[in-house]
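Peer 1: Sending over a structure as structure tokens; questions will come in a sec.
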Amino acid sequence: MIMSSPRNVLVLGSGAREDCLTWKLQQSPLVKSLRVSPGNASTVKQSLKESSKVVRVTTEHCGDVVHYCVQNDISMVVVGPEANLARGIADDLNKKGISCFGPSQRASEIESNKKFAKDFMIEYGIPTARYEVFTDAVEACDFINNRAEYAALVVKANGLAAGKGVIVASNKQEACEAVTDILQKYPDKNGVVVEELLVGEEFSFLAFTDGHTVQMMPPAQDHKRLLDGDRGPNTGGMGAYCPCPQITANMRSYVKTNILQKTVDGMRNEGRKFVGVLYAGVIINSASQVKVLEFNCRFGDPECEAILPLLKTDIFTIMEACVTGKLDTVNVEWNESHSCVTLILASNGYPGKYPKNIPIEGIEEVTKNRPNIRVFEAGTTFDPNTGSTLTSGGRVLAVSCVAPQLDEARHILMESVCVEKMVSFQSAVFRTDIAQRGIDFIMRNKKLSYADSGVDIAEGNHLVSDIKSIVKKTKLSDGCVGDIGGFGCCFDLRAAGYDHPILVSGTDGVGTKLMIAQEMKSHETIGIDLVAMCVNDILTHNAQPLYFLDYYACSRLDRHVARDVIKGIATGCELAGCSLIGGETAEMPGMYPPNSYDLAGFAVGAYDRYKHRALPRVADVTPGDVIVGLSSSGLHSNGFSLVRKVMERCGVDCDYPLDGARLGDVMLTPTRIYVRPLLTLLRHGNHGNGVRALAHITGGGLLENLPRVLPDQCGVQLDASLWPIPTIFAWLSAKGNIAEDEMLRTFNCGIGMCLIVDKNCADDVIARLMTSQEAMWVGRIGVVTSRDVDSSGDVVKVKHFNQSLVNCCEKKLTNGSPTKEKKQEQEEIKRKKIAVLISGSGTNLQSIMDYSRKTDNYDVTLVISNKETAFGLERAKRFGIETKMVNHKNFKNRQAFEEEVDKYLDDVDVVVLAGFMRILSDWFVKKWRGRIINIHPSLLPSFKGRNVHQQVLDAGAMVTGCTVHFVIEGVDEGAIIAQQSVPVLPNDDISKLEERVKTAEHDIFPRAIDLVTSRKISLMSHHNKIEWN
């Protein structure tokens, strides 16, 4: 490591390149704070985040930058744009002892003075195109038309032109027009350079250098033209990709030795020592001959956004090594197994005139939904009134995607931007063929393997190895023969105890419940659902499940996800008492979306023809038979398409609070497996002789599954008031406005299995089931009735269903107690009003406000701050919440200040302290006892008071976190409501640890408030303890 203590760094620039550099520098533990000037909307948004290293500053001229650096203890300046370097900012900074990652004014002439660069290359034997320099248009045109011994069709401005001063003409007339145009447009650039037109493919070779050592970056390829197929006008760049498969190891070695190293050595010999990033734009012809088109003295844009996502080494370590002349001591590592594709989204009209202030959508969302995508902002501005990001430039966004394969990175990028429009703004212009040359090269030259199609056999073999121990645990029967991994699976029925077996098989899946599991990234229980759906079906025939096979299909195998799924399948098999003896894992690229999978299961069971009673005995079912219900664990695995439609209509996600948990977790509750209690009933003794049939309540609900085991002359009358209905069904019915019949035809509504039992045996059956070890409700829920065979009426009728849903809600809202009068019921149900007290930026406030849109329990109605500059007040205003500013400095003592605050709390139910930097008096705390809560950034009772993260690090603690607690007279002494742990990592500093704890706070704080406002918990009247209601 070059240095030990974190430093303050300033990044100069406002484009996507500088946003990318900022992103990369933030990852360095060696960077204490990161100032960006002038930055863009991304800079503003990052600076508003608590614990962010980023600060936006406005400095324009070199003198202002130097003064700012001196005043603010800036150790290093990272310069993005070439114009600053050409003006000599590095020289000015170095004079004050401030490091600059970027070359001196004289060294930067390698870019800013085209004539110097061409003359330099000729002198030092660096291969380049032939050229002439002109200041007179007539003379230049005469050379182009009459005197040139080569195709003089490339015309360049002799100075800096923001990447737009190069025209490649298709004929001599266009070349002459380009000369005139450039001389008029750039009169201060000291003429034009007219070059030989070289034929070949262009690439960008960039390298870090300290003036001696050269450390190459992977080669990239820019796309200058505006439109697909390299059509349209030249731009600053419409996209790039890295690395380039066309570049061989020999080519890279040649470029490093004969171009980059020669240039660095030559510049040093000229007294122009080059420090920073040296960029060589080269062209390689069909004979693999390499020539330099131009040099740049800084990162390219958009090449930077395609290269740096692949950098593994700490970038500040590299920069520090460059400015201190120690680059030879740093091993620069890259993610060589992946590729990156970067796409520019530009304003309509670019590179000409274009509209501004167009809202941009999805910048944060696309990264959240696609973690391998990163959006770097360029021409953007932030509207503080609406919190929106708006367009303000020609090139607006650079969207980069990293993936194992080049075509995969481009596909994900195009799908996200082009098809799903995850990030977009009106009339955005972008290319769809970025990286096409590289992809075509791979297709032409690489011998295809199965892995190239997206199927990784080795990964599949690793998975088989991973799951062998898991599968062995499920070999619960003596009938299993052999091991997994063979062509087939063998099972000996006689060894399993079946002399006269009747085989029963069942197959099923789990439907779109898979989408919830994938959204939640929770895969370990979905396998239980798969097993349950199959074994519960064959159980209805009195068949013992013997063995199970699974089918797992995906676009690309992630063996860690697959292993979690199969763990769940193995758990399900153990619960069902059957063996997982085999399965199939299928990778099908293009068949499924990225990061998704599908499941199917197949179960085989048996009963003995002479030992066991075959079910169902439909002919034995008679009117008067009792319907015994076994409770479900929740939704089980049916109806999820309708569930997701309700969520979409309500605008809620899986984090929505329901029944003291997240909606996603409630939905993922595994399907109950009924095998053990029912087989025990049916096969041991005579207690099961009165059972006529079993009905597994799956898709089709109660209305369509019970008729499958009824004779034509029979119907069923159910009474929904007789069984407990889980809250999820009441919530779905209310939020989705779903009709009664639709609920009963889609969901199990609380009953997962029904038994049709002889009325004389019903009590004994219920008693036997209730003594089983299964935590489920068992009871009478209806009777079999007579029915006219020719009747068109419903076979299954359910009474009291809607009222039972209402009663379900009432019981939850009144903690199980019956309501005494309507007024009291309404008081229980109403949303609580909370006031939030803040002193700062209000990131916890933001999470509380966001959560209020998802919950039925509270609204934020008032935000009070003791500081006028608190950004949290602005957040609240944008949310439409009333704000008050009460300056504590205007009051003679603490209680006077608090009395003023209390005046605004008349209509408030709960007070929340969210970064409120005042210690409250005993008077205020006692008045609001049980109704005031706070969050502390540690796991109380450890590390109380201030400077908590420093305390944690000093103590060498391995775990910290945050605690939501009631506020009482003692500081951080109140009863704990909720806690969330955060690991302390080996290289943590205060800022890193604070940031991760803050993320945990944003998750736990609003959920703890929900517990209090829903009255699930409260503070005991005379004790500092939590009471669960």
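Note on naming: chains are A, B, ... as they come in the structure tokens, residues start from 1 per chain, ligands start from 1 in the order shown.
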Do a neighbour search on range 700-716 of chain A at 9 Å with only C-alpha atoms, toss out local chain neighbours closer than 6 positions, and write the hits as an MDAnalysis selection string.
Peer 2: chainID A and resid 616:623 627 638:639 692:694 741 743:749 751 754 756 782:790 794:798
Peer 1: Between A:His212, A:Lys832, A:Lys224, A:Arg683, which residue has the minimum interatomic distance to Thr324 in chain A, considering only C-alpha atoms?
Peer 2: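 Among A:His212, A:Lys832, A:Lys224, A:Arg683, it is A:His212 that comes nearest to Thr324 in chain A.
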Peer 1: Gly568 in chain A: which residues within 9 Å, counting only C-alpha atoms, same-chain residues fewer than 3 positions away excluded, as a PyMOL selection string?
Peer 2: chain A and resi 523-531+563-565+571-573
Peer 1: Just list as a list in words whatever in range 123-189 of chain A DSSP marks as helix (DSSP H, G or I).
Peer 2: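 Matching residues, listed in order: Glu123, Ala137, Val138, Glu139, Ala140, Cys141, Asp142, Phe143, Ile144, Asn145, Asn146, Arg147, Lys172, Gln173, Glu174, Ala175, Cys176, Glu177, Ala178, Val179, Thr180, Asp181, Ile182, Leu183, Gln184 and Lys185 of chain A.
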Peer 1: Restrict the selected residues to C-alpha atoms and save them as an mmCIF file, in the first residue's frame.
Peer 2:
data_model
loop_
_atom_site.group_PDB
_atom_site.id
_atom_site.type_symbol
_atom_site.label_atom_id
_atom_site.label_comp_id
_atom_site.auth_asym_id
_atom_site.auth_seq_id
_atom_site.Cartn_x
_atom_site.Cartn_y
_atom_site.Cartn_z
ATOM 1 C CA GLU A 123 11.090 11.685 -34.627
ATOM 2 C CA ALA A 137 -7.472 26.785 -46.850
ATOM 3 C CA VAL A 138 -6.432 27.372 -50.468
ATOM 4 C CA GLU A 139 -3.019 25.835 -49.936
ATOM 5 C CA ALA A 140 -4.515 22.875 -48.088
ATOM 6 C CA CYS A 141 -7.038 22.205 -50.830
ATOM 7 C CA ASP A 142 -4.373 22.408 -53.484
ATOM 8 C CA PHE A 143 -2.406 19.776 -51.590
ATOM 9 C CA ILE A 144 -5.463 17.542 -51.260
ATOM 10 C CA ASN A 145 -6.415 17.832 -54.924
ATOM 11 C CA ASN A 146 -3.044 17.945 -56.674
ATOM 12 C CA ARG A 147 0.085 17.323 -54.620
ATOM 13 C CA LYS A 172 -11.472 15.218 -52.110
ATOM 14 C CA GLN A 173 -14.336 17.713 -52.303
ATOM 15 C CA GLU A 174 -15.565 16.732 -48.832
ATOM 16 C CA ALA A 175 -12.004 17.000 -47.535
ATOM 17 C CA CYS A 176 -11.672 20.562 -48.857
ATOM 18 C CA GLU A 177 -15.036 21.496 -47.349
ATOM 19 C CA ALA A 178 -13.823 20.055 -44.042
ATOM 20 C CA VAL A 179 -10.679 22.226 -44.169
ATOM 21 C CA THR A 180 -12.748 25.383 -44.665
ATOM 22 C CA ASP A 181 -15.240 24.357 -42.003
ATOM 23 C CA ILE A 182 -12.611 23.590 -39.351
ATOM 24 C CA LEU A 183 -10.592 26.758 -40.015
ATOM 25 C CA GLN A 184 -13.772 28.822 -39.606
ATOM 26 C CA LYS A 185 -15.114 26.897 -36.599
#
Peer 1: DSSP on the backbone, strand (DSSP E or B) only: what residues of range 711-842 of chain A does that give? Format it as an MDAnalysis selection string.
Peer 2: chainID A and resid 714:719 751:757 778:786 796:799 832:838
Peer 1: For the selection you just gave me, I'd like the residues written to a file as a tab-separated table (two decimals), in the first residue's frame, keeping C-alpha atoms.
Peer 2:
chain	number	residue	atom	x	y	z
A	714	CYS	CA	-73.87	-35.44	-3.75
A	715	GLY	CA	-72.85	-31.88	-3.00
A	716	VAL	CA	-71.12	-30.15	-0.09
A	717	GLN	CA	-72.20	-27.39	2.26
A	718	LEU	CA	-69.27	-25.61	3.98
A	719	ASP	CA	-69.39	-23.03	6.77
A	751	ILE	CA	-58.01	-25.19	4.14
A	752	GLY	CA	-55.27	-27.20	2.45
A	753	MET	CA	-56.73	-30.71	2.71
A	754	CYS	CA	-60.27	-32.01	3.17
A	755	LEU	CA	-61.34	-35.42	4.44
A	756	ILE	CA	-64.78	-36.84	3.74
A	757	VAL	CA	-65.55	-38.94	6.83
A	778	VAL	CA	-58.23	-29.61	12.43
A	779	GLY	CA	-62.01	-29.51	12.63
A	780	ARG	CA	-65.44	-29.93	11.06
A	781	ILE	CA	-66.02	-27.45	8.27
A	782	GLY	CA	-69.12	-28.86	6.54
A	783	VAL	CA	-71.23	-31.82	5.46
A	784	VAL	CA	-72.05	-33.81	2.36
A	785	THR	CA	-75.53	-33.01	1.04
A	786	SER	CA	-77.92	-34.52	-1.48
A	796	VAL	CA	-69.93	-26.88	-3.32
A	797	LYS	CA	-71.64	-24.10	-1.40
A	798	VAL	CA	-69.90	-21.97	1.22
A	799	LYS	CA	-71.80	-19.84	3.69
A	832	LYS	CA	-51.90	6.58	13.41
A	833	LYS	CA	-50.44	10.03	12.87
A	834	ILE	CA	-46.74	10.35	13.52
A	835	ALA	CA	-44.50	13.39	13.81
A	836	VAL	CA	-40.83	13.06	12.95
A	837	LEU	CA	-38.21	15.28	14.63
A	838	ILE	CA	-35.01	15.81	12.62
Peer 1: Go ahead and compute the interatomic distance for CA of Leu198 in chain A and CA of Arg272 in chain A, in Å to one decimal.
Peer 2: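 So the two atoms, CA of Leu198 in chain A and CA of Arg272 in chain A, lie 28.8 Å apart.
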Peer 1: Could you check which of A:Gly276, A:Pro983, A:Gly945, A:Pro302 is closest to Ser99 in chain A, using only C-alpha atoms?
Peer 2: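 The shortest atom-to-atom distance to Ser99 in chain A comes from A:Gly276.
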